[in-house]
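File shown here: model.pdb, holding PDB, C-alpha atoms and all ligand atoms.
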```pdb
ATOM      1  CA  MET A   6     106.794 120.604 110.815
ATOM      2  CA  ALA A   7     105.906 117.005 111.652
ATOM      3  CA  ARG A   8     106.631 113.905 109.590
ATOM      4  CA  LEU A   9     104.193 111.219 108.561
ATOM      5  CA  ALA A  10     104.598 107.709 107.134
ATOM      6  CA  VAL A  11     101.630 105.993 105.517
ATOM      7  CA  PHE A  12     101.322 102.204 105.315
ATOM      8  CA  ALA A  13      99.062 100.754 102.597
ATOM      9  CA  SER A  14      98.533  97.425 100.867
ATOM     10  CA  GLY A  15      96.255  98.101  97.915
ATOM     11  CA  ASN A  16      94.479 100.894  96.115
ATOM     12  CA  GLY A  17      95.857 103.730  98.222
ATOM     13  CA  SER A  18      93.029 106.237  97.804
ATOM     14  CA  ASN A  19      93.292 107.271 101.465
ATOM     15  CA  PHE A  20      97.046 107.613 101.106
ATOM     16  CA  GLN A  21      96.522 109.966  98.164
ATOM     17  CA  ALA A  22      93.867 112.017  99.974
ATOM     18  CA  ILE A  23      96.214 112.403 102.950
ATOM     19  CA  ALA A  24      99.230 113.254 100.782
ATOM     20  CA  GLU A  25      97.327 115.925  98.853
ATOM     21  CA  ALA A  26      95.981 117.513 102.031
ATOM     22  CA  VAL A  27      99.290 117.383 103.934
ATOM     23  CA  ARG A  28     100.984 119.104 100.996
ATOM     24  CA  ARG A  29      98.985 122.212 101.773
ATOM     25  CA  THR A  30     100.435 122.336 105.325
ATOM     26  CA  SER A  31     103.926 122.717 106.773
ATOM     27  CA  HIS A  32     104.004 118.960 107.510
ATOM     28  CA  SER A  33     105.200 116.248 105.167
ATOM     29  CA  VAL A  34     104.418 112.701 104.105
ATOM     30  CA  ARG A  35     107.922 111.291 104.152
ATOM     31  CA  CYS A  36     107.287 107.814 102.779
ATOM     32  CA  LEU A  37     104.863 105.053 101.872
ATOM     33  CA  ILE A  38     105.378 101.542 103.193
ATOM     34  CA  CYS A  39     103.678  98.821 101.202
ATOM     35  CA  ASP A  40     103.660  95.053 101.676
ATOM     36  CA  ARG A  41     102.588  94.214  98.101
ATOM     37  CA  ALA A  42     104.779  94.830  95.075
ATOM     38  CA  GLY A  43     101.821  95.219  92.715
ATOM     39  CA  ALA A  44      99.784  97.633  94.828
ATOM     40  CA  PHE A  45      98.299 100.645  93.048
ATOM     41  CA  ALA A  46      99.324 102.740  96.060
ATOM     42  CA  LEU A  47     102.885 102.499  94.705
ATOM     43  CA  GLU A  48     101.831 104.144  91.425
ATOM     44  CA  ARG A  49     100.174 106.906  93.406
ATOM     45  CA  ALA A  50     103.368 107.437  95.417
ATOM     46  CA  ARG A  51     105.370 107.744  92.207
ATOM     47  CA  ALA A  52     102.937 110.295  90.800
ATOM     48  CA  LEU A  53     103.020 112.241  94.071
ATOM     49  CA  GLY A  54     106.821 112.110  94.287
ATOM     50  CA  ILE A  55     106.764 110.355  97.650
ATOM     51  CA  PRO A  56     109.410 107.677  98.339
ATOM     52  CA  ALA A  57     107.813 104.225  98.479
ATOM     53  CA  HIS A  58     109.275 101.055  99.965
ATOM     54  CA  VAL A  59     107.981  97.537  99.467
ATOM     55  CA  VAL A  60     108.526  95.312 102.494
ATOM     56  CA  SER A  61     107.586  91.710 101.903
ATOM     57  CA  TYR A  62     105.784  89.626 104.508
ATOM     58  CA  SER A  63     106.088  86.355 102.664
ATOM     59  CA  GLY A  64     108.149  83.492 104.043
ATOM     60  CA  ARG A  65     109.018  85.169 107.328
ATOM     61  CA  SER A  66     107.441  86.246 110.572
ATOM     62  CA  ARG A  67     105.599  89.526 111.032
ATOM     63  CA  GLU A  68     108.277  90.544 113.527
ATOM     64  CA  GLU A  69     111.006  90.065 110.917
ATOM     65  CA  SER A  70     109.114  92.126 108.355
ATOM     66  CA  GLU A  71     108.532  94.805 110.953
ATOM     67  CA  GLY A  72     112.265  94.794 111.724
ATOM     68  CA  GLU A  73     112.843  95.733 108.098
ATOM     69  CA  ILE A  74     110.107  98.396 108.241
ATOM     70  CA  LEU A  75     111.744  99.909 111.330
ATOM     71  CA  ASP A  76     115.104 100.048 109.530
ATOM     72  CA  VAL A  77     113.498 101.627 106.466
ATOM     73  CA  ILE A  78     111.589 104.353 108.308
ATOM     74  CA  GLU A  79     114.263 105.222 110.859
ATOM     75  CA  PRO A  80     116.130 107.727 108.647
ATOM     76  CA  TYR A  81     112.870 109.581 107.962
ATOM     77  CA  ALA A  82     112.483 110.467 111.681
ATOM     78  CA  ILE A  83     108.774 109.741 111.554
ATOM     79  CA  ASP A  84     106.446 111.389 114.108
ATOM     80  CA  LEU A  85     103.224 109.626 113.150
ATOM     81  CA  ILE A  86     102.256 106.489 111.223
ATOM     82  CA  ALA A  87      98.890 106.332 109.455
ATOM     83  CA  LEU A  88      97.701 102.887 108.409
ATOM     84  CA  ALA A  89      95.511 103.306 105.337
ATOM     85  CA  GLY A  90      94.295  99.951 104.112
ATOM     86  CA  PHE A  91      97.382  98.156 105.440
ATOM     87  CA  MET A  92      96.255  94.539 105.609
ATOM     88  CA  ARG A  93      98.700  93.336 108.266
ATOM     89  CA  LEU A  94      98.229  93.185 111.988
ATOM     90  CA  LEU A  95     101.102  94.957 113.729
ATOM     91  CA  THR A  96     103.029  93.290 116.536
ATOM     92  CA  PRO A  97     104.431  94.848 119.710
ATOM     93  CA  ARG A  98     107.818  95.082 117.998
ATOM     94  CA  LEU A  99     106.615  97.962 115.834
ATOM     95  CA  ILE A 100     103.831  99.304 118.031
ATOM     96  CA  ASP A 101     106.105  99.746 121.058
ATOM     97  CA  ARG A 102     108.565 101.798 119.030
ATOM     98  CA  TYR A 103     105.853 104.352 118.194
ATOM     99  CA  PRO A 104     103.718 104.480 121.323
ATOM    100  CA  GLU A 105     100.461 106.408 120.736
ATOM    101  CA  ARG A 106     101.825 107.371 117.332
ATOM    102  CA  ILE A 107     100.112 104.824 115.066
ATOM    103  CA  ILE A 108      96.565 105.345 113.825
ATOM    104  CA  ASN A 109      94.241 103.390 111.568
ATOM    105  CA  ILE A 110      91.067 103.962 109.609
ATOM    106  CA  HIS A 111      88.301 101.384 109.557
ATOM    107  CA  PRO A 112      85.243 101.485 107.290
ATOM    108  CA  ALA A 113      82.645 100.726 109.994
ATOM    109  CA  LEU A 114      81.471 102.030 113.328
ATOM    110  CA  LEU A 115      83.728 100.012 115.632
ATOM    111  CA  PRO A 116      83.363  97.963 117.747
ATOM    112  CA  LYS A 117      80.936  96.736 115.102
ATOM    113  CA  TYR A 118      82.367  94.811 112.166
ATOM    114  CA  PRO A 119      86.105  94.642 112.832
ATOM    115  CA  GLY A 120      88.237  92.770 110.288
ATOM    116  CA  THR A 121      88.436  92.773 106.534
ATOM    117  CA  ARG A 122      84.735  92.465 105.598
ATOM    118  CA  ALA A 123      83.532  95.579 107.374
ATOM    119  CA  ILE A 124      81.761  97.246 104.450
ATOM    120  CA  ALA A 125      79.939  94.085 103.368
ATOM    121  CA  GLU A 126      78.952  93.288 106.947
ATOM    122  CA  SER A 127      77.715  96.844 107.507
ATOM    123  CA  TYR A 128      75.758  96.675 104.273
ATOM    124  CA  ASP A 129      74.200  93.304 105.120
ATOM    125  CA  SER A 130      73.244  94.450 108.614
ATOM    126  CA  ARG A 131      69.956  96.095 109.455
ATOM    127  CA  ASP A 132      71.831  99.104 110.817
ATOM    128  CA  THR A 133      70.390 102.403 109.687
ATOM    129  CA  GLU A 134      73.512 104.283 110.734
ATOM    130  CA  LEU A 135      76.769 103.366 108.992
ATOM    131  CA  GLY A 136      80.137 105.036 109.140
ATOM    132  CA  ILE A 137      83.853 105.026 109.738
ATOM    133  CA  THR A 138      86.242 104.975 112.681
ATOM    134  CA  ILE A 139      89.697 106.440 113.121
ATOM    135  CA  HIS A 140      91.482 104.940 116.088
ATOM    136  CA  ARG A 141      94.833 104.486 117.733
ATOM    137  CA  VAL A 142      96.453 101.139 117.067
ATOM    138  CA  ASP A 143      96.967  98.680 119.892
ATOM    139  CA  TYR A 144      97.862  94.978 119.828
ATOM    140  CA  GLY A 145      94.373  93.861 118.815
ATOM    141  CA  MET A 146      92.569  93.773 115.490
ATOM    142  CA  ASP A 147      90.721  97.125 115.144
ATOM    143  CA  THR A 148      90.489  97.459 118.931
ATOM    144  CA  GLY A 149      92.441 100.594 119.869
ATOM    145  CA  PRO A 150      90.919 103.723 121.419
ATOM    146  CA  THR A 151      88.674 105.708 119.090
ATOM    147  CA  ILE A 152      89.811 109.153 117.973
ATOM    148  CA  VAL A 153      86.754 109.969 115.889
ATOM    149  CA  GLN A 154      83.749 108.365 114.248
ATOM    150  CA  GLU A 155      81.710 109.840 111.400
ATOM    151  CA  SER A 156      78.405 108.355 110.367
ATOM    152  CA  PHE A 157      75.524 108.735 107.947
ATOM    153  CA  ARG A 158      71.986 107.401 107.788
ATOM    154  CA  ARG A 159      71.045 105.066 105.052
ATOM    155  CA  VAL A 160      67.666 105.166 103.420
ATOM    156  CA  GLY A 161      67.553 101.455 102.793
ATOM    157  CA  ASN A 162      67.436 101.054  99.048
ATOM    158  CA  GLU A 163      71.049 101.945  98.295
ATOM    159  CA  THR A 164      73.184  99.464  96.396
ATOM    160  CA  MET A 165      76.358  98.046  97.892
ATOM    161  CA  GLU A 166      78.353 100.234  95.454
ATOM    162  CA  GLU A 167      76.576 103.382  96.639
ATOM    163  CA  ILE A 168      77.228 102.544 100.286
ATOM    164  CA  GLU A 169      80.841 101.768  99.512
ATOM    165  CA  ARG A 170      81.256 105.090  97.691
ATOM    166  CA  HIS A 171      79.658 106.957 100.569
ATOM    167  CA  ILE A 172      82.011 105.304 103.064
ATOM    168  CA  HIS A 173      85.093 106.057 100.969
ATOM    169  CA  ASN A 174      84.055 109.682 100.461
ATOM    170  CA  LEU A 175      83.641 110.012 104.211
ATOM    171  CA  GLU A 176      87.087 108.463 104.737
ATOM    172  CA  HIS A 177      88.745 110.822 102.261
ATOM    173  CA  ALA A 178      87.155 113.841 103.945
ATOM    174  CA  THR A 179      87.891 112.741 107.504
ATOM    175  CA  TYR A 180      91.246 110.951 107.566
ATOM    176  CA  PRO A 181      93.344 113.842 106.164
ATOM    177  CA  ARG A 182      91.676 116.257 108.582
ATOM    178  CA  ILE A 183      92.462 114.079 111.615
ATOM    179  CA  VAL A 184      96.001 113.317 110.444
ATOM    180  CA  ILE A 185      96.713 117.032 110.081
ATOM    181  CA  GLN A 186      95.235 117.770 113.522
ATOM    182  CA  LEU A 187      97.519 115.143 115.063
ATOM    183  CA  LEU A 188     100.563 116.417 113.155
ATOM    184  CA  ASP A 189      99.729 119.934 114.361
ATOM    185  CA  SER A 190      99.587 118.790 117.980
ATOM    186  CA  ILE A 191     102.852 116.805 117.692
ATOM    187  CA  ASP A 192     104.521 119.837 116.110
ATOM    188  CA  HIS A 193     103.192 122.082 118.837
ATOM    189  CA  ARG A 194     104.446 119.779 121.616
ATOM    190  CA  SER A 195     107.932 119.578 120.154
ATOM    191  CA  ARG A 196     108.418 123.367 120.120
TER     192      ARG A 196
HETATM  193  C1  LIG B   1      89.568 101.694 103.397
HETATM  194  O1  LIG B   1      88.200 101.427 103.296
HETATM  195  C2  LIG B   1      90.008 101.629 104.828
HETATM  196  O2  LIG B   1      89.033 102.010 105.729
HETATM  197  C3  LIG B   1      90.318 100.166 105.014
HETATM  198  O3  LIG B   1      90.882  99.762 103.793
HETATM  199  C4  LIG B   1      90.397 100.594 102.740
HETATM  200  C5  LIG B   1      91.591 101.124 102.011
HETATM  201  O4  LIG B   1      91.246 101.780 100.820
HETATM  202  N1  LIG B   1      91.159  99.962 106.170
HETATM  203  P1  LIG B   1      92.363 102.572 100.019
HETATM  204  O5  LIG B   1      93.502 101.609  99.766
HETATM  205  O6  LIG B   1      92.806 103.742 100.849
HETATM  206  O7  LIG B   1      91.716 103.018  98.731
END
```

Show this structure as structure tokens.
Amino acid sequence: MARLAVFASGNGSNFQAIAEAVRRTSHSVRCLICDRAGAFALERARALGIPAHVVSYSGRSREESEGEILDVIEPYAIDLIALAGFMRLLTPRLIDRYPERIINIHPALLPKYPGTRAIAESYDSRDTELGITIHRVDYGMDTGPTIVQESFRRVGNETMEEIERHIHNLEHATYPRIVIQLLDSIDHRSR
């Protein structure tokens, strides 16, 4: 059994997809960390029965907020952290405590379109191949080593909403699968 924490800031659809998939394994999603009190991800956590903690980033440094996150997650003995729409850049304070153990999902084929406007920038591009990236987190913004990319071809006349739906469906199919693979390999190594 390996233990996962998910960090989210908003809707939390990836968090839910992961939680539902992990439930069918011997692993567990131990907690949700959220930086916004009003995030829908918190409602999802309640419905799923997963402990959720709001850690504020306002009025203090990222390092201070991360200090609180570290205190909060410590008792859960977390093996892997999955960022799922967590809109904060992590600092070395947190990253160095979980070396190689923090992953992120990005709704574009990195290194194209890093940052928060990835879907719109992908849509506005002339790219015929769009997709998603799951990568390890390093100190940069969406720069860490790629674990997997999944892509699809666009015809050209899709609306922004259709592209967005396609990307999210791909995320929900891929992220849980990769998370479980990583939890399996962590579990295996610790035996
Ligand atoms: C996803 O598109 C993810 O790739 C990006 O933020 C979005 C989060 O969506 N990092 P949700 O909160 O999981 O619904």

Checklist entry - Residues picked by the PyMOL selection byres (((not hetatm)) within 8 of (chain B and resi 1)) here, as number ranges by chain? => result A: 13-21, 46, 88-92, 109-113, 121, 124, 137, 172-173, 176

Item to check | Interatomic distance, atom CA of Glu79 of chain A to atom CA of Asp40 of chain A (Å, one decimal) | outcome: 17.3 Å

Please, what is the axis-aligned box for every listed atom of segment 66-79 of chain A with 3 Å on each side, as centre and edge lengths in Å to one decimal, as JSON?
```
{"center_x": 110.4, "center_y": 95.7, "center_z": 110.0, "size_x": 15.5, "size_y": 25.0, "size_z": 13.1}
```

Next on the checklist: Residue by residue, what does the PyMOL selection byres (((chain A and resi 72) around 12) and not hetatm) grab here? Present the result as a list of chain:residue names.
Outcome noted: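 After applying the PyMOL selection byres (((chain A and resi 72) around 12) and not hetatm), what remains is A:Val60, A:Ser61, A:Tyr62, A:Arg65, A:Ser66, A:Arg67, A:Glu68, A:Glu69, A:Ser70, A:Glu71, A:Glu73, A:Ile74, A:Leu75, A:Asp76, A:Val77, A:Ile78, A:Glu79, A:Leu95, A:Thr96, A:Pro97, A:Arg98, A:Leu99, A:Ile100, A:Arg102.
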
Checklist entry - Which residues come within 7 Å of segment 23-39 of chain A, counting all atoms listed in the file, excluding same-chain residues fewer than 2 positions away, as a ChimeraX atom specification? => result /A:6-14,19-21,41,55-60,81,180-181,185

Item to check | Atom pair atom CA of Leu188 of chain A / atom CA of Pro80 of chain A: separation (Å) | outcome: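 For atom CA of Leu188 of chain A relative to atom CA of Pro80 of chain A, the distance reads 18.4 Å.
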
Checklist entry - Looking at all atoms listed in the file, which of A:Thr179, A:Ser63, A:Arg158, A:Tyr103 is the one that sits closest to Ala82 of chain A? => result A:Tyr103

Checklist entry - Where does the PyMOL selection byres (((chain A and resi 114) around 7) and not hetatm) land in this file, that is, which residues does it pick, as a ChimeraX atom specification? => result /A:113,115-117,135-138,154

Next on the checklist: I'd like the neighbourhood of Ile108 of chain A as a VMD selection string, where a residue qualifies if any of its atoms comes within 6 Å (using all atoms listed in the file), though same-chain residues fewer than 3 positions away should be ignored.
Outcome noted: chain A and resid 87 140 to 142

Checklist entry - In Å, with one decimal, what is the gap from atom CA of Gly161 of chain A to atom CA of Pro119 of chain A? => result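 For atom CA of Gly161 of chain A relative to atom CA of Pro119 of chain A, the distance reads 22.2 Å.
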
Checklist entry - Which protein, DNA or RNA residues have an atom at most 10 Å from (98.9, 104.4, 127.1), counting only C-alpha atoms? List them as number ranges by chain. => result A: 104-105, 143, 150

May I have the residues from that selection written out with C-alpha atoms, as a PDB file, keeping the file's coordinate frame?
```
ATOM      1  CA  PRO A 104     103.718 104.480 121.323  1.00  0.00           C
ATOM      2  CA  GLU A 105     100.461 106.408 120.736  1.00  0.00           C
ATOM      3  CA  ASP A 143      96.967  98.680 119.892  1.00  0.00           C
ATOM      4  CA  PRO A 150      90.919 103.723 121.419  1.00  0.00           C
TER       5      PRO A 150
END
```

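Among A:Arg93, A:Leu85, A:Ala125, A:Arg106, the residue with the shortest atom-to-atom distance to Thr164 of chain A, counting only C-alpha atoms, is A:Ala125.
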